[in-house]
$ cat data11.txt   # compact mmCIF, C-alpha atoms
# COMPACT_ATOMS: atom_id res chain seq x y z
CA MET K 1 10.74 -16.47 10.39
CA MET K 2 13.44 -13.83 9.76
CA LEU K 3 13.65 -10.46 11.48
CA SER K 4 14.70 -7.33 9.63
CA VAL K 5 15.78 -4.10 11.36
CA PHE K 6 15.23 -0.84 9.53
CA LEU K 7 14.97 2.92 10.07
CA SER K 8 11.65 4.46 11.02
CA ARG K 9 10.38 7.74 12.37
CA SER K 10 8.32 8.09 15.53
CA THR K 11 5.43 10.50 15.96
CA THR K 12 7.82 12.84 17.75
CA GLY K 13 9.93 13.12 14.61
CA ARG K 14 12.92 11.22 16.07
CA HIS K 15 14.41 8.27 14.26
CA ILE K 16 13.96 4.92 15.93
CA LEU K 17 14.77 1.34 15.06
CA CYS K 18 11.85 -0.93 14.27
CA LYS K 19 11.66 -4.66 13.71
CA THR K 20 9.27 -6.41 11.38
CA ALA K 21 8.86 -10.00 10.43
CA GLN K 22 9.63 -11.07 6.90
CA HIS K 23 7.36 -13.84 5.72
CA HIS K 24 7.44 -15.87 2.56
CA HIS K 25 5.76 -13.99 -0.29
CA ARG K 26 3.50 -16.12 -2.38
CA CYS K 27 3.14 -14.49 -5.75
CA MET K 28 4.89 -11.20 -6.54
CA SER K 29 8.54 -11.96 -5.92
CA SER K 30 10.90 -14.87 -5.61
CA SER K 31 12.50 -13.25 -2.54
CA SER K 32 11.11 -13.49 0.98
CA THR K 33 9.54 -10.04 0.98
CA VAL K 34 8.31 -7.37 -1.39
CA LYS K 35 9.38 -3.82 -0.61
CA VAL K 36 6.75 -1.19 -1.31
CA SER K 37 7.32 2.54 -0.80
CA PHE K 38 4.60 5.19 -0.84
CA VAL K 39 5.47 8.86 -1.46
CA GLY K 40 2.95 11.64 -0.83
CA LEU K 41 0.66 11.60 2.21
CA GLY K 42 -1.84 14.32 1.36
CA ASN K 43 -5.62 13.99 1.55
CA MET K 44 -5.66 11.24 -1.07
CA GLY K 45 -2.28 9.62 -0.46
CA MET K 46 -2.85 9.29 3.28
CA GLN K 47 -5.90 7.07 2.82
CA MET K 48 -4.47 5.18 -0.15
CA ALA K 49 -1.32 4.32 1.78
CA LEU K 50 -3.31 3.09 4.77
CA ASN K 51 -5.33 0.78 2.53
CA LEU K 52 -2.25 -0.43 0.67
CA ALA K 53 -0.58 -1.36 3.95
CA THR K 54 -3.64 -3.28 5.17
CA GLN K 55 -3.92 -6.99 4.39
CA ARG K 56 -7.21 -7.93 2.77
CA GLU K 57 -8.75 -11.35 3.05
CA ASN K 58 -7.95 -13.53 0.05
CA ASP K 59 -5.99 -10.84 -1.80
CA GLU K 60 -2.94 -11.77 -3.85
CA LEU K 61 -0.38 -10.18 -1.54
CA SER K 62 1.41 -11.55 1.43
CA ASP K 63 3.13 -9.35 4.02
CA LEU K 64 4.90 -6.32 2.61
CA GLN K 65 7.84 -4.31 3.85
CA PHE K 66 6.13 -0.94 3.65
CA THR K 67 7.83 2.47 3.72
CA VAL K 68 6.30 5.94 3.51
CA TYR K 69 7.77 9.35 2.80
CA ASP K 70 6.44 12.89 2.69
CA MET K 71 8.45 16.10 2.71
CA ASN K 72 5.95 17.49 5.23
CA GLU K 73 6.81 16.09 8.68
CA ALA K 74 3.27 16.76 9.92
CA ASN K 75 1.83 14.42 7.29
CA ILE K 76 4.12 11.60 8.44
CA VAL K 77 3.14 12.17 12.07
CA LYS K 78 -0.55 12.11 11.14
CA PHE K 79 -0.11 8.98 9.04
CA MET K 80 1.65 7.10 11.83
CA LYS K 81 -1.13 8.01 14.25
CA GLU K 82 -3.75 6.79 11.76
CA ALA K 83 -1.77 3.59 11.24
CA GLU K 84 -1.55 3.05 14.99
CA SER K 85 -5.31 3.47 15.31
CA ALA K 86 -5.76 0.92 12.51
CA GLY K 87 -3.44 -1.51 14.28
CA ILE K 88 -0.85 -1.63 11.48
CA SER K 89 1.84 0.77 12.72
CA ASN K 90 4.17 -2.15 13.53
CA LEU K 91 4.22 -3.03 9.81
CA LEU K 92 5.35 0.42 8.66
CA GLN K 93 8.46 2.55 8.45
CA ALA K 94 9.10 6.16 7.44
CA ALA K 95 12.12 7.12 5.38
CA PRO K 96 13.92 10.34 6.38
CA ASP K 97 14.56 11.28 2.73
CA LEU K 98 14.30 10.00 -0.84
CA LYS K 99 17.94 8.89 -0.94
CA THR K 100 17.42 6.55 2.02
CA LEU K 101 14.20 5.27 0.51
CA ALA K 102 15.95 4.50 -2.78
CA GLU K 103 18.96 2.85 -1.19
CA ALA K 104 16.59 0.34 0.47
CA ASN K 105 16.04 -0.94 -3.09
CA PRO K 106 12.20 -0.99 -3.26
CA ASP K 107 10.36 -3.24 -5.67
CA PHE K 108 7.54 -0.73 -6.07
CA VAL K 109 7.26 3.02 -5.52
CA VAL K 110 3.70 4.36 -5.43
CA LYS K 111 3.35 8.15 -5.68
CA SER K 112 0.47 10.52 -4.98
CA LEU K 113 1.69 14.07 -5.61
CA PRO K 114 0.04 17.40 -6.47
CA THR K 115 2.03 18.62 -9.50
CA CYS K 116 4.08 17.57 -12.51
CA GLU K 117 7.12 19.21 -10.97
CA ALA K 118 6.77 17.26 -7.71
CA SER K 119 6.37 14.00 -9.58
CA GLU K 120 9.46 14.67 -11.69
CA ALA K 121 11.53 15.60 -8.64
CA VAL K 122 10.56 12.45 -6.75
CA VAL K 123 11.29 10.12 -9.67
CA SER K 124 14.67 11.76 -10.24
CA GLY K 125 15.49 11.67 -6.54
CA ILE K 126 14.75 7.96 -6.29
CA VAL K 127 15.90 6.52 -9.61
CA SER K 128 19.31 8.21 -9.34
CA ASN K 129 19.93 6.58 -5.95
CA LEU K 130 18.71 3.04 -6.61
CA PRO K 131 21.49 0.45 -6.15
CA PRO K 132 23.17 0.20 -9.57
CA SER K 133 23.98 -3.48 -9.14
CA SER K 134 20.34 -4.50 -8.60
CA SER K 135 18.85 -6.57 -11.40
CA LYS K 136 15.34 -6.91 -9.97
CA GLY K 137 14.23 -3.43 -11.04
CA CYS K 138 11.92 -0.86 -9.46
CA LEU K 139 8.39 -0.28 -10.76
CA PHE K 140 7.06 3.26 -10.28
CA ILE K 141 3.27 3.61 -10.04
CA ASP K 142 2.32 7.27 -10.37
CA THR K 143 -1.21 7.98 -9.18
CA SER K 144 -0.70 11.74 -9.53
CA THR K 145 -2.66 13.69 -12.11
CA ILE K 146 0.02 15.00 -14.45
CA SER K 147 0.30 15.75 -18.14
CA PRO K 148 0.57 12.87 -20.62
CA ALA K 149 3.80 14.42 -21.92
CA VAL K 150 5.40 14.33 -18.47
CA SER K 151 4.21 10.74 -17.95
CA LYS K 152 5.90 9.69 -21.18
CA LYS K 153 9.04 11.60 -20.22
CA LEU K 154 9.24 9.87 -16.82
CA HIS K 155 8.72 6.49 -18.45
CA ARG K 156 11.65 7.14 -20.78
CA GLN K 157 13.79 8.41 -17.91
CA VAL K 158 13.18 5.38 -15.72
CA LYS K 159 13.77 2.91 -18.55
CA SER K 160 16.97 4.69 -19.57
CA ILE K 161 18.51 4.02 -16.15
CA SER K 162 17.86 0.29 -16.37
CA PRO K 163 15.73 -1.96 -18.60
CA HIS K 164 14.62 -3.69 -15.40
CA HIS K 165 12.91 -0.52 -14.13
CA ASP K 166 9.45 0.58 -15.29
CA TYR K 167 7.02 3.45 -14.86
CA VAL K 168 3.22 3.35 -14.98
CA ASP K 169 0.93 6.37 -14.96
CA ALA K 170 -2.10 5.38 -12.89
CA PRO K 171 -4.16 8.43 -11.89
CA VAL K 172 -7.33 7.84 -9.93
CA SER K 173 -10.98 8.81 -9.82
CA GLY K 174 -13.19 8.67 -6.76
CA GLY K 175 -11.98 11.50 -4.57
CA VAL K 176 -11.11 11.33 -0.90
CA LYS K 177 -14.17 9.18 -0.18
CA GLY K 178 -13.00 6.65 -2.77
CA ALA K 179 -9.50 6.72 -1.32
CA THR K 180 -10.88 6.14 2.18
CA ASP K 181 -13.27 3.37 1.12
CA ALA K 182 -10.72 1.71 -1.20
CA SER K 183 -13.18 2.16 -4.06
CA LEU K 184 -11.00 4.19 -6.43
CA THR K 185 -10.82 3.68 -10.18
CA PHE K 186 -7.26 3.50 -11.55
CA MET K 187 -6.62 4.57 -15.15
CA THR K 188 -3.32 3.03 -16.13
CA GLY K 189 -0.93 3.65 -18.97
CA CYS K 190 1.78 1.01 -19.12
CA SER K 191 4.17 -0.60 -21.54
CA SER K 192 3.01 -4.21 -21.40
CA GLU K 193 0.34 -6.63 -20.24
CA GLU K 194 2.96 -8.18 -17.97
CA THR K 195 3.44 -4.88 -16.17
CA PHE K 196 -0.31 -4.34 -15.96
CA THR K 197 -0.71 -7.77 -14.37
CA LYS K 198 2.09 -7.05 -11.92
CA ILE K 199 0.57 -3.84 -10.55
CA GLN K 200 -2.99 -5.11 -10.11
CA PRO K 201 -2.62 -6.75 -6.68
CA LEU K 202 -1.29 -3.49 -5.24
CA LEU K 203 -3.90 -1.27 -6.85
CA LYS K 204 -6.75 -3.59 -5.89
CA ARG K 205 -5.98 -2.95 -2.24
CA MET K 206 -6.75 0.71 -2.90
CA GLY K 207 -9.52 0.55 -5.47
CA LYS K 208 -12.37 -1.33 -7.08
CA ALA K 209 -11.40 -0.96 -10.74
CA VAL K 210 -8.01 -1.11 -12.47
CA LEU K 211 -8.32 -0.19 -16.13
CA HIS K 212 -5.63 -0.49 -18.80
CA CYS K 213 -6.00 2.60 -20.99
CA GLY K 214 -3.08 1.93 -23.33
CA GLU K 215 0.60 2.83 -23.61
CA SER K 216 2.54 5.13 -21.31
CA GLY K 217 0.75 8.47 -20.91
CA SER K 218 -2.69 7.15 -21.77
CA GLY K 219 -3.79 6.91 -18.14
CA SER K 220 -2.92 10.57 -17.62
CA ALA K 221 -4.74 11.49 -20.83
CA VAL K 222 -7.92 9.70 -19.73
CA LYS K 223 -7.76 11.37 -16.30
CA LEU K 224 -7.53 14.87 -17.78
CA CYS K 225 -10.55 14.15 -19.98
CA ASN K 226 -12.45 12.85 -16.96
CA ASN K 227 -11.67 15.90 -14.84
CA ALA K 228 -12.52 18.34 -17.60
CA ALA K 229 -15.99 16.77 -17.65
CA LEU K 230 -16.14 16.63 -13.84
CA ALA K 231 -15.39 20.35 -13.43
CA ALA K 232 -18.25 21.29 -15.76
CA GLN K 233 -20.49 18.75 -14.03
CA MET K 234 -19.83 20.26 -10.60
CA ILE K 235 -20.48 23.80 -11.83
CA GLY K 236 -23.80 22.65 -13.28
CA ILE K 237 -24.85 21.06 -9.99
CA CYS K 238 -23.74 24.16 -8.07
CA GLU K 239 -25.87 26.39 -10.29
CA ALA K 240 -28.88 24.08 -9.96
CA MET K 241 -28.59 23.80 -6.17
CA SER K 242 -28.22 27.57 -5.87
CA LEU K 243 -31.25 28.28 -8.06
CA GLY K 244 -33.37 25.67 -6.28
CA GLU K 245 -32.63 27.13 -2.87
CA SER K 246 -33.45 30.65 -4.12
CA LEU K 247 -36.78 29.31 -5.39
CA GLY K 248 -37.57 27.96 -1.94
CA VAL K 249 -36.83 24.27 -2.53
CA ASP K 250 -35.32 22.30 0.33
CA PRO K 251 -31.75 21.38 -0.77
CA THR K 252 -32.21 17.83 0.51
CA VAL K 253 -35.39 17.39 -1.49
CA LEU K 254 -33.78 18.81 -4.62
CA ALA K 255 -30.77 16.50 -4.26
CA ASP K 256 -33.01 13.49 -3.65
CA VAL K 257 -35.01 14.23 -6.81
CA MET K 258 -31.91 14.87 -8.92
CA ASN K 259 -30.39 11.59 -7.74
CA VAL K 260 -33.28 9.57 -9.13
CA SER K 261 -33.56 11.72 -12.26
CA THR K 262 -31.50 12.56 -15.33
CA ALA K 263 -29.24 15.00 -13.43
CA LYS K 264 -27.89 12.20 -11.24
CA CYS K 265 -24.09 12.22 -11.17
CA TRP K 266 -21.12 11.99 -8.81
CA SER K 267 -21.34 15.70 -7.98
CA SER K 268 -24.98 15.40 -6.97
CA GLU K 269 -24.91 12.01 -5.26
CA VAL K 270 -21.47 11.53 -3.67
CA ASN K 271 -20.01 15.02 -3.28
CA ASN K 272 -23.01 17.33 -3.33
CA PRO K 273 -21.78 20.93 -3.00
CA HIS K 274 -24.65 22.03 -0.75
CA PRO K 275 -23.88 21.41 2.95
CA VAL K 276 -27.49 20.60 3.85
CA ALA K 277 -27.85 18.14 0.99
CA ALA K 278 -24.48 16.54 1.75
CA LYS K 279 -25.46 15.96 5.37
CA GLY K 280 -28.70 14.38 4.24
CA ILE K 281 -26.89 12.11 1.79
CA GLY K 282 -24.22 11.22 4.33
CA SER K 283 -21.17 12.15 2.27
CA GLY K 284 -19.53 15.18 0.73
CA ALA K 285 -16.84 17.64 1.76
CA SER K 286 -19.37 20.49 1.89
CA ALA K 287 -20.77 18.95 5.08
CA ASN K 288 -17.37 19.61 6.66
CA ASP K 289 -16.99 23.23 5.50
CA TYR K 290 -15.46 21.94 2.24
CA GLU K 291 -12.45 20.51 4.06
CA GLY K 292 -10.76 17.20 3.23
CA GLY K 293 -11.92 16.92 -0.37
CA PHE K 294 -10.44 17.61 -3.79
CA GLY K 295 -9.03 21.11 -3.62
CA THR K 296 -10.12 23.92 -5.93
CA ALA K 297 -6.47 24.69 -6.69
CA LEU K 298 -5.92 21.07 -7.75
CA MET K 299 -8.94 21.14 -10.04
CA LEU K 300 -7.62 24.36 -11.55
CA LYS K 301 -4.26 22.66 -12.11
CA ASP K 302 -5.96 19.75 -13.90
CA LEU K 303 -7.98 22.10 -16.10
CA ASN K 304 -4.79 23.93 -17.05
CA LEU K 305 -3.21 20.61 -18.03
CA ALA K 306 -6.28 19.60 -20.04
CA LEU K 307 -6.34 22.91 -21.90
CA ASP K 308 -2.60 22.77 -22.54
CA ALA K 309 -3.13 19.35 -24.09
CA SER K 310 -6.04 20.65 -26.15
CA VAL K 311 -3.86 23.41 -27.60
CA GLU K 312 -1.18 20.86 -28.50
CA GLU K 313 -3.81 18.73 -30.24
CA GLY K 314 -5.65 21.64 -31.88
CA LYS K 315 -8.91 20.93 -30.04
CA SER K 316 -11.42 23.57 -28.94
CA MET K 317 -12.77 23.23 -25.36
CA PRO K 318 -14.99 26.28 -24.68
CA VAL K 319 -16.80 24.79 -21.67
CA THR K 320 -13.52 23.68 -20.06
CA SER K 321 -12.12 27.17 -20.71
CA LEU K 322 -15.06 28.70 -18.85
CA SER K 323 -14.66 26.20 -16.01
CA ARG K 324 -11.03 27.21 -15.70
CA GLN K 325 -11.95 30.87 -15.51
CA LEU K 326 -14.44 30.23 -12.73
CA TYR K 327 -12.08 28.05 -10.71
CA SER K 328 -9.30 30.57 -11.21
CA LEU K 329 -11.51 33.32 -9.78
CA ALA K 330 -12.44 31.09 -6.83
CA ASP K 331 -8.78 30.30 -6.23
CA ASN K 332 -7.92 34.00 -6.31
CA ARG K 333 -10.68 34.56 -3.74
CA GLY K 334 -8.70 32.36 -1.34
CA LEU K 335 -10.72 29.17 -1.84
CA GLY K 336 -7.90 27.10 -3.35
CA ARG K 337 -7.62 24.72 -0.39
CA LYS K 338 -11.35 24.14 -0.15
CA ASP K 339 -13.04 21.25 -1.97
CA PHE K 340 -13.96 22.26 -5.51
CA GLY K 341 -17.65 22.05 -4.58
CA VAL K 342 -17.09 25.38 -2.81
CA MET K 343 -17.91 26.81 -6.24
CA LEU K 344 -21.48 26.91 -4.89
CA GLN K 345 -20.47 29.48 -2.28
CA PHE K 346 -18.42 31.42 -4.83
CA LEU K 347 -21.38 31.64 -7.21
CA ASN K 348 -23.53 32.79 -4.28
CA GLY K 349 -21.09 35.64 -3.66
CA LYS K 350 -19.80 34.27 -0.36
$ encode --input "data11.txt" --output "structure tokens"
Amino acid sequence: MMLSVFLSRSTTGRHILCKTAQHHHRCMSSSSTVKVSFVGLGNMGMQMALNLATQRENDELSDLQFTVYDMNEANIVKFMKEAESAGISNLLQAAPDLKTLAEANPDFVVKSLPTCEASEAVVSGIVSNLPPSSSKGCLFIDTSTISPAVSKKLHRQVKSISPHHDYVDAPVSGGVKGATDASLTFMTGCSSEETFTKIQPLLKRMGKAVLHCGESGSGSAVKLCNNAALAAQMIGICEAMSLGESLGVDPTVLADVMNVSTAKCWSSEVNNPHPVAAKGIGSGASANDYEGGFGTALMLKDLNLALDASVEEGKSMPVTSLSRQLYSLADNRGLGRKDFGVMLQFLNGK
């Protein structure tokens, strides 16, 4: 067994030296270890990174050299505490910046970021600092929801630096609960079946389904279509729950009936926007004052991307346009950080 010493960050923010064992890796690399970096430790990324760093029984991965980075120091501190509670903190390290992360020559960089601009900045910051003499290549897996055009641009940028590098757009569906339970669906756009095969062991630690949607940009395209439908779905459930309560129906009863009827959907069953119904179901950000879910501002961002794409393609999306208007009003009301199910409270005038 070999010991490797590398830079980490303690929960006090000071840099410390950590040691981890490097074991023989069975399937993903001919070297003794596979280096995986995760950038972006927000509500989704935090849980995804914890699952990615956790060995599953009979999965295709051996021990990984795992590095995390977030520009927000508080997120790193929180992540390290969560990792310590999970008993995996000795397997992790935190990079002080993107340059240091890149110079460690990672095999994979997984990203979970809120905007196109953030995703572009991170890719540029890493790919420009990767060791130029390396022939093994770095594979970027972008789980952020960004525009198909930006996904294609980043793919071209990464490949232009070295033919050994690659970029995959792999946005997710399933929300924070799916990220926590490792039950996410990944929608991937990648250049080859070989690349798709290569990323599956990593993504399967974080999700239940890894779907190949086509060439670069296709994963992002599918995700925007999914979220356009999801936004309208949530607004419909919010309106129904609001009307039912006004008519004197117990929210739990209404949700129970809907979830065995034709209105059953993710917004009614997994992330019901009514706090009483969510508590009865046992899941949903509304049960926690709409904290810790998929933010209203992020849904608004996705709707803007979907509508931008629709203009480029000459497609009319009147329902999505109305959804955007409603989420924009909610965001302007100061609800941007709340889970997008807070639309129920907005429609109720609260």
$ residues_around --input "data11.txt" --residues "Asp107 of chain K" --least-positions-apart "4" --cutoff "9 Å" --atoms "all atoms listed in the file" --output "VMD selection string"
chain K and resid 29 34 to 37 136 to 140
$ write_last_selection --input "data11.txt" --atoms "C-alpha atoms" --output "compact mmCIF listing (two decimals), in the frame of the given file"
# COMPACT_ATOMS: atom_id res chain seq x y z
CA SER K 29 8.54 -11.96 -5.92
CA VAL K 34 8.31 -7.37 -1.39
CA LYS K 35 9.38 -3.82 -0.61
CA VAL K 36 6.75 -1.19 -1.31
CA SER K 37 7.32 2.54 -0.80
CA LYS K 136 15.34 -6.91 -9.97
CA GLY K 137 14.23 -3.43 -11.04
CA CYS K 138 11.92 -0.86 -9.46
CA LEU K 139 8.39 -0.28 -10.76
CA PHE K 140 7.06 3.26 -10.28
$ closest_atom_pairs --input "data11.txt" --of "segment 192-260 of chain K" --to "segment 315-327 of chain K" --cutoff "8 Å" --atoms "all atoms listed in the file" --output "tab-separated table"
residue	atom	partner	partner_atom	distance
K:Ala228	CA	K:Thr320	CA	6.0
K:Ala229	CA	K:Thr320	CA	7.7
K:Ala231	CA	K:Ser323	CA	6.4
K:Ala232	CA	K:Ser323	CA	6.1
K:Ile235	CA	K:Ser323	CA	7.6
$ closest_residue --input "data11.txt" --among "K:Leu211, K:Ala94, K:Leu64, K:Met71" --to "Phe108 of chain K" --atoms "all atoms listed in the file"
K:Leu64
$ closest_residue --input "data11.txt" --among "K:Gln233, K:Asn332, K:Thr145, K:Ser119" --to "Phe186 of chain K" --atoms "only C-alpha atoms"
K:Thr145
$ axis_aligned_box --input "data11.txt" --around "segment 221-226 of chain K" --padding-each-side "8 Å" --output "lines of an AutoDock Vina configuration file"
center_x = -8.6
center_y = 12.3
center_z = -18.6
size_x = 23.7
size_y = 21.2
size_z = 20.5
$ atom_distance --input "data11.txt" --atom1 "atom CA of Met343 of chain K" --atom2 "atom CA of Ile281 of chain K"
19.0 Å
$ closest_residue --input "data11.txt" --among "K:Gly207, K:Gly189, K:Gly175, K:Gly248" --to "Ser283 of chain K" --atoms "all atoms listed in the file"
K:Gly175
$ atom_distance --input "data11.txt" --atom1 "atom CA of Met46 of chain K" --atom2 "atom CA of Asp169 of chain K"
18.9 Å
$ closest_residue --input "data11.txt" --among "K:Ala263, K:Val39, K:Ile146, K:Gln47" --to "Val123 of chain K" --atoms "all atoms listed in the file"
K:Val39
